[in-house]
>>> print(open('structure13.txt').read())   # compact mmCIF, C-alpha atoms and all ligand atoms
# COMPACT_ATOMS: atom_id res chain seq x y z
CA MET Z 1 81.24 124.43 95.85
CA VAL Z 2 78.52 122.47 97.64
CA ILE Z 3 79.60 119.24 95.91
CA PHE Z 4 83.19 119.86 96.95
CA THR Z 5 82.22 120.28 100.58
CA GLU Z 6 80.09 117.18 100.50
CA GLU Z 7 82.96 115.22 99.04
CA ILE Z 8 85.23 116.31 101.85
CA LEU Z 9 82.60 115.42 104.42
CA ASN Z 10 82.15 112.01 102.85
CA GLN Z 11 85.86 111.43 102.86
CA LYS Z 12 86.08 112.48 106.49
CA SER Z 13 83.28 110.23 107.59
CA HIS Z 14 84.82 107.35 105.61
CA MET Z 15 88.13 107.92 107.39
CA LEU Z 16 86.48 108.07 110.79
CA GLU Z 17 84.59 104.89 110.06
CA LEU Z 18 87.80 103.16 108.93
CA LEU Z 19 89.62 104.36 112.04
CA LYS Z 20 86.87 103.02 114.26
CA VAL Z 21 86.91 99.64 112.54
CA LEU Z 22 90.72 99.40 112.78
CA ARG Z 23 90.75 100.38 116.47
CA ASP Z 24 88.09 97.87 117.23
CA ALA Z 25 89.98 95.14 115.37
CA MET Z 26 93.19 95.93 117.24
CA ASN Z 27 91.38 95.83 120.57
CA HIS Z 28 90.19 92.35 119.71
CA GLU Z 29 93.62 90.81 119.18
CA PHE Z 30 93.92 92.07 115.61
CA ARG Z 31 90.73 90.39 114.50
CA GLY Z 32 90.43 90.66 110.71
CA PHE Z 33 94.15 91.26 110.15
CA TYR Z 34 96.12 88.53 108.42
CA LEU Z 35 99.26 88.09 106.35
CA ASP Z 36 99.75 87.00 102.79
CA TYR Z 37 103.18 86.05 101.51
CA GLN Z 38 104.67 86.79 98.11
CA PRO Z 39 107.36 84.43 96.74
CA GLN Z 40 110.87 85.69 96.04
CA VAL Z 41 112.98 83.63 93.65
CA ASN Z 42 116.65 83.38 92.74
CA GLY Z 43 117.26 85.61 89.69
CA ARG Z 44 119.25 82.91 87.89
CA THR Z 45 117.74 79.58 88.92
CA LYS Z 46 114.15 80.71 89.67
CA ALA Z 47 114.27 78.62 92.89
CA LEU Z 48 112.13 79.90 95.77
CA THR Z 49 114.44 81.62 98.26
CA GLY Z 50 112.02 83.45 100.53
CA VAL Z 51 108.83 85.47 100.87
CA GLU Z 52 107.71 88.99 101.72
CA ALA Z 53 104.97 89.27 104.36
CA LEU Z 54 102.18 91.66 103.30
CA VAL Z 55 99.53 92.66 105.80
CA ARG Z 56 95.83 92.42 104.92
CA PHE Z 57 92.64 93.56 106.58
CA CYS Z 58 89.14 92.28 106.13
CA ASP Z 59 86.31 93.94 108.09
CA GLU Z 60 83.41 92.10 109.70
CA LYS Z 61 81.23 92.53 106.64
CA GLY Z 62 83.87 90.79 104.54
CA ASN Z 63 85.18 93.94 102.79
CA ARG Z 64 88.89 93.74 102.07
CA ILE Z 65 90.75 97.00 102.64
CA SER Z 66 94.14 97.55 101.00
CA PRO Z 67 97.23 98.28 103.13
CA VAL Z 68 97.79 101.30 100.90
CA GLU Z 69 94.61 102.67 102.46
CA PHE Z 70 94.82 101.53 106.09
CA ILE Z 71 98.56 101.85 106.81
CA PRO Z 72 98.64 105.66 106.45
CA VAL Z 73 95.64 105.87 108.81
CA MET Z 74 97.41 103.68 111.35
CA GLU Z 75 100.58 105.75 111.00
CA LYS Z 76 98.68 108.99 111.54
CA GLU Z 77 96.74 107.69 114.53
CA GLY Z 78 99.69 106.15 116.36
CA MET Z 79 98.60 102.56 115.77
CA ILE Z 80 101.39 101.47 113.45
CA TYR Z 81 103.89 100.46 116.12
CA GLU Z 82 101.59 97.93 117.66
CA MET Z 83 100.58 96.61 114.25
CA GLY Z 84 104.22 96.23 113.26
CA ARG Z 85 104.92 94.11 116.36
CA TRP Z 86 101.93 91.92 115.50
CA VAL Z 87 103.06 91.52 111.86
CA LEU Z 88 106.62 90.61 112.87
CA ARG Z 89 105.51 88.01 115.41
CA GLN Z 90 102.97 86.48 113.06
CA ALA Z 91 105.42 86.37 110.15
CA ILE Z 92 108.21 84.66 112.07
CA ARG Z 93 105.74 82.22 113.63
CA ASP Z 94 104.67 81.15 110.16
CA ALA Z 95 108.23 81.14 108.88
CA GLY Z 96 109.39 78.98 111.80
CA GLU Z 97 107.77 76.02 110.11
CA TRP Z 98 109.25 76.85 106.71
CA ILE Z 99 112.83 77.10 107.93
CA ARG Z 100 112.52 73.64 109.45
CA ILE Z 101 111.94 72.35 105.91
CA LYS Z 102 114.36 74.78 104.25
CA PRO Z 103 116.91 76.24 106.69
CA ASP Z 104 118.11 79.07 104.44
CA PHE Z 105 114.60 80.39 103.70
CA ASP Z 106 114.22 84.17 104.12
CA ILE Z 107 111.26 86.06 105.54
CA SER Z 108 111.03 89.78 104.71
CA VAL Z 109 108.89 92.06 106.86
CA ASN Z 110 108.03 95.69 106.08
CA ALA Z 111 108.65 98.32 108.72
CA SER Z 112 107.30 101.83 108.72
CA ALA Z 113 109.81 104.58 109.50
CA LEU Z 114 107.61 105.51 112.46
CA GLU Z 115 108.15 102.06 113.93
CA MET Z 116 111.89 102.33 113.66
CA MET Z 117 111.83 105.73 115.33
CA ASN Z 118 110.27 104.25 118.45
CA ASP Z 119 112.81 103.98 121.27
CA GLN Z 120 111.69 100.45 122.08
CA TYR Z 121 112.08 99.18 118.52
CA ILE Z 122 115.41 97.33 118.76
CA GLU Z 123 114.62 95.80 122.14
CA ASP Z 124 111.20 94.69 120.98
CA VAL Z 125 112.53 93.05 117.82
CA GLU Z 126 115.12 91.20 119.88
CA LYS Z 127 112.50 90.13 122.40
CA ILE Z 128 110.08 88.86 119.74
CA LEU Z 129 112.84 86.84 118.02
CA GLU Z 130 113.83 85.35 121.34
CA GLU Z 131 110.29 84.53 122.43
CA GLU Z 132 109.52 82.90 119.10
CA LYS Z 133 112.95 81.22 118.98
CA PHE Z 134 113.49 82.46 115.46
CA PRO Z 135 117.02 82.85 114.02
CA ALA Z 136 117.82 86.48 113.11
CA LYS Z 137 119.78 85.36 110.05
CA ASN Z 138 116.53 84.35 108.31
CA LEU Z 139 114.90 87.76 108.82
CA VAL Z 140 115.04 90.76 106.46
CA ILE Z 141 113.51 94.10 107.47
CA GLU Z 142 112.36 96.31 104.57
CA LEU Z 143 112.22 100.08 104.85
CA THR Z 144 111.14 102.38 102.04
CA GLU Z 145 113.90 104.41 100.49
CA SER Z 146 112.40 107.83 101.18
CA SER Z 147 112.09 107.19 104.91
CA ALA Z 148 115.45 105.43 105.06
CA VAL Z 149 117.22 108.40 103.50
CA GLN Z 150 115.41 111.20 105.30
CA ARG Z 151 116.03 109.70 108.72
CA MET Z 152 119.51 108.37 108.11
CA ASP Z 153 120.97 110.26 111.06
CA ILE Z 154 118.64 108.45 113.46
CA PHE Z 155 118.53 105.16 111.63
CA ARG Z 156 122.21 104.50 111.03
CA ASN Z 157 122.71 103.38 114.61
CA LYS Z 158 119.57 101.27 114.61
CA TYR Z 159 120.55 99.54 111.36
CA LYS Z 160 123.90 98.78 112.92
CA LYS Z 161 122.30 97.18 115.97
CA LEU Z 162 119.91 95.13 113.88
CA ARG Z 163 122.74 93.93 111.67
CA GLU Z 164 124.83 93.03 114.71
CA MET Z 165 121.94 90.81 115.76
CA GLY Z 166 122.18 89.10 112.33
CA ILE Z 167 119.12 90.70 110.74
CA ARG Z 168 119.46 92.00 107.18
CA ILE Z 169 118.16 95.39 106.09
CA ALA Z 170 116.54 96.01 102.71
CA MET Z 171 115.87 99.36 101.09
CA ASP Z 172 112.42 99.12 99.53
CA ASP Z 173 111.11 101.01 96.45
CA PHE Z 174 114.63 101.97 95.39
CA GLY Z 175 114.78 104.63 92.67
CA THR Z 176 111.70 106.51 93.78
CA GLY Z 177 113.49 108.72 96.33
CA TYR Z 178 115.93 111.58 95.88
CA SER Z 179 119.46 110.75 96.83
CA SER Z 180 119.54 107.12 95.81
CA LEU Z 181 123.12 106.98 94.57
CA GLU Z 182 124.53 109.15 97.29
CA PHE Z 183 122.82 106.92 99.81
CA LEU Z 184 124.35 103.73 98.42
CA LYS Z 185 127.84 105.04 99.00
CA ASN Z 186 127.75 104.53 102.77
CA ALA Z 187 124.52 102.73 103.33
CA PRO Z 188 124.58 100.16 106.13
CA ILE Z 189 122.20 97.91 104.23
CA ASP Z 190 122.26 94.42 102.75
CA LEU Z 191 119.70 94.51 99.97
CA VAL Z 192 118.22 97.00 97.53
CA LYS Z 193 114.76 96.39 96.05
CA ILE Z 194 114.33 98.20 92.74
CA ASP Z 195 110.87 99.70 92.37
CA ARG Z 196 108.49 98.36 89.74
CA SER Z 197 108.37 101.76 88.01
CA PHE Z 198 111.82 101.05 86.47
CA LEU Z 199 110.69 97.72 85.15
CA LYS Z 200 107.46 98.80 83.52
CA ASP Z 201 109.15 100.27 80.43
CA ILE Z 202 112.24 98.10 80.40
CA LEU Z 203 111.23 96.48 77.10
CA TYR Z 204 111.10 99.87 75.34
CA SER Z 205 113.32 102.17 77.38
CA ARG Z 206 117.11 101.88 77.08
CA PHE Z 207 117.35 104.20 80.08
CA ASP Z 208 115.40 101.91 82.38
CA SER Z 209 117.27 98.76 81.40
CA ALA Z 210 120.59 100.61 81.70
CA PHE Z 211 119.49 101.90 85.12
CA ILE Z 212 118.87 98.40 86.45
CA THR Z 213 122.16 97.05 85.05
CA PHE Z 214 124.00 100.01 86.54
CA ILE Z 215 122.44 99.65 90.00
CA VAL Z 216 123.21 95.93 90.08
CA GLU Z 217 126.84 96.62 89.20
CA ILE Z 218 127.31 99.36 91.79
CA CYS Z 219 125.57 97.39 94.54
CA HIS Z 220 127.55 94.24 93.87
CA ASP Z 221 130.75 96.27 94.07
CA VAL Z 222 129.86 97.26 97.63
CA ASN Z 223 128.42 93.87 98.61
CA ILE Z 224 124.76 94.80 98.49
CA LYS Z 225 122.35 92.30 96.94
CA VAL Z 226 119.69 93.44 94.48
CA CYS Z 227 116.09 92.35 94.09
CA GLN Z 228 113.73 93.45 91.29
CA GLU Z 229 110.11 93.97 92.31
CA GLY Z 230 106.98 93.71 90.22
CA VAL Z 231 108.02 91.29 87.46
CA GLU Z 232 104.78 90.45 85.67
CA THR Z 233 105.65 88.78 82.35
CA LEU Z 234 107.99 86.27 80.74
CA GLU Z 235 109.33 89.05 78.47
CA GLU Z 236 110.32 91.12 81.49
CA TYR Z 237 111.94 88.12 83.13
CA GLU Z 238 113.89 87.25 79.94
CA MET Z 239 115.24 90.77 79.86
CA LEU Z 240 116.21 90.70 83.54
CA LYS Z 241 117.95 87.33 83.31
CA LYS Z 242 120.97 89.02 81.74
CA MET Z 243 121.25 91.52 84.56
CA GLU Z 244 122.54 89.29 87.35
CA LEU Z 245 119.87 90.17 89.88
CA ASP Z 246 120.08 88.21 93.11
CA CYS Z 247 116.38 88.00 93.63
CA ILE Z 248 113.15 88.58 91.74
CA GLN Z 249 109.63 89.14 93.01
CA GLY Z 250 106.41 89.73 91.09
CA TYR Z 251 103.13 88.33 89.85
CA TYR Z 252 104.97 86.30 87.19
CA PHE Z 253 106.46 84.13 89.95
CA GLY Z 254 103.51 84.33 92.30
CA LYS Z 255 100.99 86.80 93.70
CA PRO Z 256 100.78 87.26 97.47
CA MET Z 257 99.24 84.02 98.82
CA SER Z 258 98.27 82.26 102.03
CA LYS Z 259 100.77 80.64 104.37
CA ASN Z 260 99.44 77.20 103.45
CA ALA Z 261 100.09 77.87 99.77
CA ILE Z 262 103.67 78.86 100.63
CA ARG Z 263 104.18 75.72 102.71
CA ASN Z 264 102.99 73.59 99.79
CA LYS Z 265 105.35 75.40 97.43
CA ILE Z 266 108.34 74.86 99.73
CA SER Z 267 107.51 71.18 100.20
CA ALA Z 268 107.06 70.69 96.45
CA GLU Z 269 110.41 72.35 95.69
CA CYS Z 270 112.22 70.34 98.34
CA GLN Z 271 110.78 67.13 96.88
CA THR Z 272 111.92 68.08 93.37
CA GLU Z 273 115.40 68.87 94.70
CA GLY Z 274 115.44 65.52 96.50
CA ASN Z 275 114.53 63.71 93.28
CA ASP Z 276 117.26 65.42 91.24
P1 LIG Z 301 105.63 97.08 98.98
O1 LIG Z 301 106.40 96.77 100.21
O2 LIG Z 301 106.36 97.74 97.87
O3 LIG Z 301 104.99 95.70 98.53
C1 LIG Z 301 104.84 95.30 97.20
C2 LIG Z 301 103.46 95.61 96.69
O4 LIG Z 301 103.46 95.38 95.27
C3 LIG Z 301 102.39 94.70 97.26
O5 LIG Z 301 101.19 95.44 97.32
C4 LIG Z 301 102.31 93.61 96.20
O6 LIG Z 301 101.06 92.94 96.20
C5 LIG Z 301 102.49 94.42 94.94
N1 LIG Z 301 103.04 93.60 93.86
C6 LIG Z 301 103.82 92.52 93.95
N2 LIG Z 301 104.16 92.02 92.73
C7 LIG Z 301 103.58 92.84 91.82
C8 LIG Z 301 103.55 92.84 90.38
O7 LIG Z 301 104.12 91.99 89.71
N3 LIG Z 301 102.86 93.85 89.79
C9 LIG Z 301 102.21 94.81 90.49
N4 LIG Z 301 101.55 95.75 89.82
N5 LIG Z 301 102.21 94.83 91.87
C10 LIG Z 301 102.89 93.86 92.51
P2 LIG Z 301 100.29 95.49 98.63
O8 LIG Z 301 100.22 94.13 99.26
O9 LIG Z 301 99.03 96.18 98.28
O10 LIG Z 301 101.12 96.39 99.63
C11 LIG Z 301 101.28 97.75 99.38
C12 LIG Z 301 102.24 98.39 100.35
O11 LIG Z 301 101.74 98.38 101.69
C13 LIG Z 301 103.56 97.66 100.43
O12 LIG Z 301 104.35 98.00 99.33
C14 LIG Z 301 104.10 98.20 101.75
O13 LIG Z 301 104.70 99.46 101.57
C15 LIG Z 301 102.85 98.35 102.55
N6 LIG Z 301 102.76 97.20 103.47
C16 LIG Z 301 102.27 95.95 103.25
N7 LIG Z 301 102.37 95.19 104.35
C17 LIG Z 301 102.96 95.97 105.31
C18 LIG Z 301 103.34 95.77 106.68
O14 LIG Z 301 103.20 94.69 107.27
N8 LIG Z 301 103.90 96.85 107.33
C19 LIG Z 301 104.09 98.05 106.73
N9 LIG Z 301 104.64 99.05 107.43
N10 LIG Z 301 103.77 98.27 105.44
C20 LIG Z 301 103.21 97.25 104.74
CA CA Z 302 108.24 95.86 100.77
CA CA Z 303 108.41 97.86 97.17
>>> encode(input="structure13.txt", output="structure tokens", more="lines below")
Ligand code: C2E
Ligand code: CA
Ligand code: CA
Amino acid sequence: MVIFTEEILNQKSHMLELLKVLRDAMNHEFRGFYLDYQPQVNGRTKALTGVEALVRFCDEKGNRISPVEFIPVMEKEGMIYEMGRWVLRQAIRDAGEWIRIKPDFDISVNASALEMMNDQYIEDVEKILEEEKFPAKNLVIELTESSAVQRMDIFRNKYKKLREMGIRIAMDDFGTGYSSLEFLKNAPIDLVKIDRSFLKDILYSRFDSAFITFIVEICHDVNIKVCQEGVETLEEYEMLKKMELDCIQGYYFGKPMSKNAIRNKISAECQTEGND
């Protein structure tokens, strides 16, 4: 009993400490926050087509804290909206350089459902794109499936407005929520990202490989593109090659990396294309 209480107290003080550090960082122009980018490749040709921006935080002592840990804290404490604006601006600033080299390059940015619920959201996205002079057609906004489905009544209109601006909407972590298939029927979205949990057993499970094939077929029928997340090995990729995925992302093609590493990759690919 005593140990249990101590554990809770420790957890609480850890959370308070984390909250303090995050607040402090935000008040100093997001000091310690930065973005890594994970490559996304064409499912057939393996060519680099875009990246997903993933936020990182490193405290003053040099400890890296995972977004899985700090994002829920920021959501709970009302800090996520401001962080989301910072992430979007930073990501499209970096991507501005990449689209000059490769005009059809995509940048995907994650949005928390709490961000999208903010009344200012659409206006702010529009304003940031305008201020940074970034074309909406190169931007994809990712929302996790559970939040996208639960809040569909509120979000439908917002998706519509974003899509009218030329932004594409992706449903993240597909397959982990409840009404996945029902949702697809009328979903105002452009891309579905199948969660890694369906890929993990694809080499042994007929169900999981059939699931991916099935989702690709349904989505393509209604003009939704499909991306598989979390591809880690050549064996997994070989298996997926037959499934006509539009896009693939995972450690096998590149872990999240710095913006400089992405720029080098884009330049290298463009040179190879030029030499062909
Ligand atoms: P997510 O959007 O599903 O992002 C993919 C996560 O899977 C990333 O973890 C990535 O590093 C990891 N991953 C990529 N390829 C592989 C693979 O082949 N194998 C395995 N095992 N993992 C892989 P990360 O960077 O820790 O991000 C975790 C989550 O934090 C993200 O999941 C996303 O929900 C959230 N997140 C990250 N950046 C942001 C952001 O800017 N805003 C918001 N709202 N959420 C974010
Ligand atoms: Ca994502
Ligand atoms: Ca995901």
>>> closest_residue(input="structure13.txt", among="Z:Ala47, Z:Leu88, Z:Leu143, Z:Ile218", to="ligand CA 303 (chain Z)", atoms="all atoms listed in the file")
Z:Leu143
>>> closest_atom_pairs(input="structure13.txt", of="chain Z", to="ligand CA 302 (chain Z)", cutoff="6 Å", atoms="all atoms listed in the file", output="tab-separated table")
residue	atom	partner	partner_atom	distance
Z:Asn110	CA	Z:CA302	CA	5.3
Z:Glu142	CA	Z:CA302	CA	5.6
Z:Asp172	CA	Z:CA302	CA	5.4
>>> residues_near_ligand(input="structure13.txt", ligand="ligand CA 303 (chain Z)", cutoff="9 Å", atoms="all atoms listed in the file", output="PyMOL selection string")
chain Z and resi 142-144+171-174+193-196+229-230
>>> residues_around(input="structure13.txt", residues="Cys247 in chain Z", least_positions_apart="5", cutoff="10 Å", atoms="only C-alpha atoms", output="list in words")
Gln40, Val41, Asn42, Gly43, Arg44, Thr45, Lys46, Ala47, Leu48, Thr49, Gly50, Leu191, Val192, Lys193, Lys225, Val226, Cys227, Gln228 and Glu229 of chain Z
>>> closest_residue(input="structure13.txt", among="Z:Ala111, Z:Ile101, Z:Ile65, Z:Val125", to="Met83 in chain Z", atoms="all atoms listed in the file")
Z:Ala111
>>> residues_around(input="structure13.txt", residues="range 22-29 of chain Z", least_positions_apart="5", cutoff="10 Å", atoms="all atoms listed in the file", output="PyMOL selection string")
chain Z and resi 16-17+57-60+70+73-74+77+79+82-83+86
>>> closest_atom_pairs(input="structure13.txt", of="chain Z", to="ligand LIG 301 (chain Z)", cutoff="6 Å", atoms="all atoms listed in the file", output="tab-separated table")
residue	atom	partner	partner_atom	distance
Z:Leu54	CA	Z:LIG301	N7	3.7
Z:Val55	CA	Z:LIG301	N7	4.1
Z:Ser66	CA	Z:LIG301	O9	5.8
Z:Pro67	CA	Z:LIG301	O11	4.7
Z:Val68	CA	Z:LIG301	O11	5.0
Z:Gly84	CA	Z:LIG301	N8	6.0
Z:Val87	CA	Z:LIG301	O14	5.6
Z:Asn110	CA	Z:LIG301	N8	4.5
Z:Ala111	CA	Z:LIG301	N9	4.3
Z:Ser112	CA	Z:LIG301	N9	4.1
Z:Asp173	CA	Z:LIG301	O2	5.9
Z:Gly230	CA	Z:LIG301	O7	3.4
Z:Val231	CA	Z:LIG301	O7	4.6
Z:Glu232	CA	Z:LIG301	O7	4.4
Z:Gly250	CA	Z:LIG301	O7	3.5
Z:Tyr251	CA	Z:LIG301	O7	3.8
Z:Pro256	CA	Z:LIG301	O6	5.8
>>> closest_residue(input="structure13.txt", among="Z:Leu240, Z:Trp98, Z:Leu162, Z:Asp208", to="Asp124 in chain Z", atoms="all atoms listed in the file")
Z:Leu162
>>> build_atoms(input="structure13.txt", residues="range 41-58 of chain Z", atoms="N, CA and C atoms", output="CSV table (one decimal), in the coordinates of the input")
chain,number,residue,atom,x,y,z
Z,41,VAL,N,112.2,84.7,94.3
Z,41,VAL,CA,113.0,83.6,93.6
Z,41,VAL,C,114.4,84.1,93.3
Z,42,ASN,N,115.3,83.1,93.2
Z,42,ASN,CA,116.6,83.4,92.7
Z,42,ASN,C,116.6,83.9,91.3
Z,43,GLY,N,117.3,85.0,91.0
Z,43,GLY,CA,117.3,85.6,89.7
Z,43,GLY,C,117.8,84.7,88.6
Z,44,ARG,N,118.6,83.8,88.9
Z,44,ARG,CA,119.2,82.9,87.9
Z,44,ARG,C,118.5,81.6,87.8
Z,45,THR,N,118.3,80.9,88.9
Z,45,THR,CA,117.7,79.6,88.9
Z,45,THR,C,116.2,79.5,89.0
Z,46,LYS,N,115.6,80.6,89.4
Z,46,LYS,CA,114.2,80.7,89.7
Z,46,LYS,C,113.7,79.9,90.9
Z,47,ALA,N,114.7,79.4,91.7
Z,47,ALA,CA,114.3,78.6,92.9
Z,47,ALA,C,113.7,79.6,93.9
Z,48,LEU,N,112.7,79.1,94.7
Z,48,LEU,CA,112.1,79.9,95.8
Z,48,LEU,C,113.1,80.1,96.9
Z,49,THR,N,113.4,81.4,97.2
Z,49,THR,CA,114.4,81.6,98.3
Z,49,THR,C,113.8,82.2,99.5
Z,50,GLY,N,112.6,82.8,99.4
Z,50,GLY,CA,112.0,83.4,100.5
Z,50,GLY,C,110.7,84.1,100.2
Z,51,VAL,N,110.1,84.8,101.1
Z,51,VAL,CA,108.8,85.5,100.9
Z,51,VAL,C,108.8,86.8,101.5
Z,52,GLU,N,108.0,87.7,101.0
Z,52,GLU,CA,107.7,89.0,101.7
Z,52,GLU,C,106.3,88.9,102.4
Z,53,ALA,N,106.3,89.3,103.7
Z,53,ALA,CA,105.0,89.3,104.4
Z,53,ALA,C,104.2,90.6,104.0
Z,54,LEU,N,103.0,90.5,103.6
Z,54,LEU,CA,102.2,91.7,103.3
Z,54,LEU,C,100.9,91.6,104.1
Z,55,VAL,N,100.7,92.7,104.9
Z,55,VAL,CA,99.5,92.7,105.8
Z,55,VAL,C,98.2,92.9,105.0
Z,56,ARG,N,97.2,92.3,105.5
Z,56,ARG,CA,95.8,92.4,104.9
Z,56,ARG,C,94.8,92.7,106.0
Z,57,PHE,N,93.7,93.4,105.6
Z,57,PHE,CA,92.6,93.6,106.6
Z,57,PHE,C,91.3,93.3,105.9
Z,58,CYS,N,90.5,92.6,106.6
Z,58,CYS,CA,89.1,92.3,106.1
Z,58,CYS,C,88.2,92.6,107.3
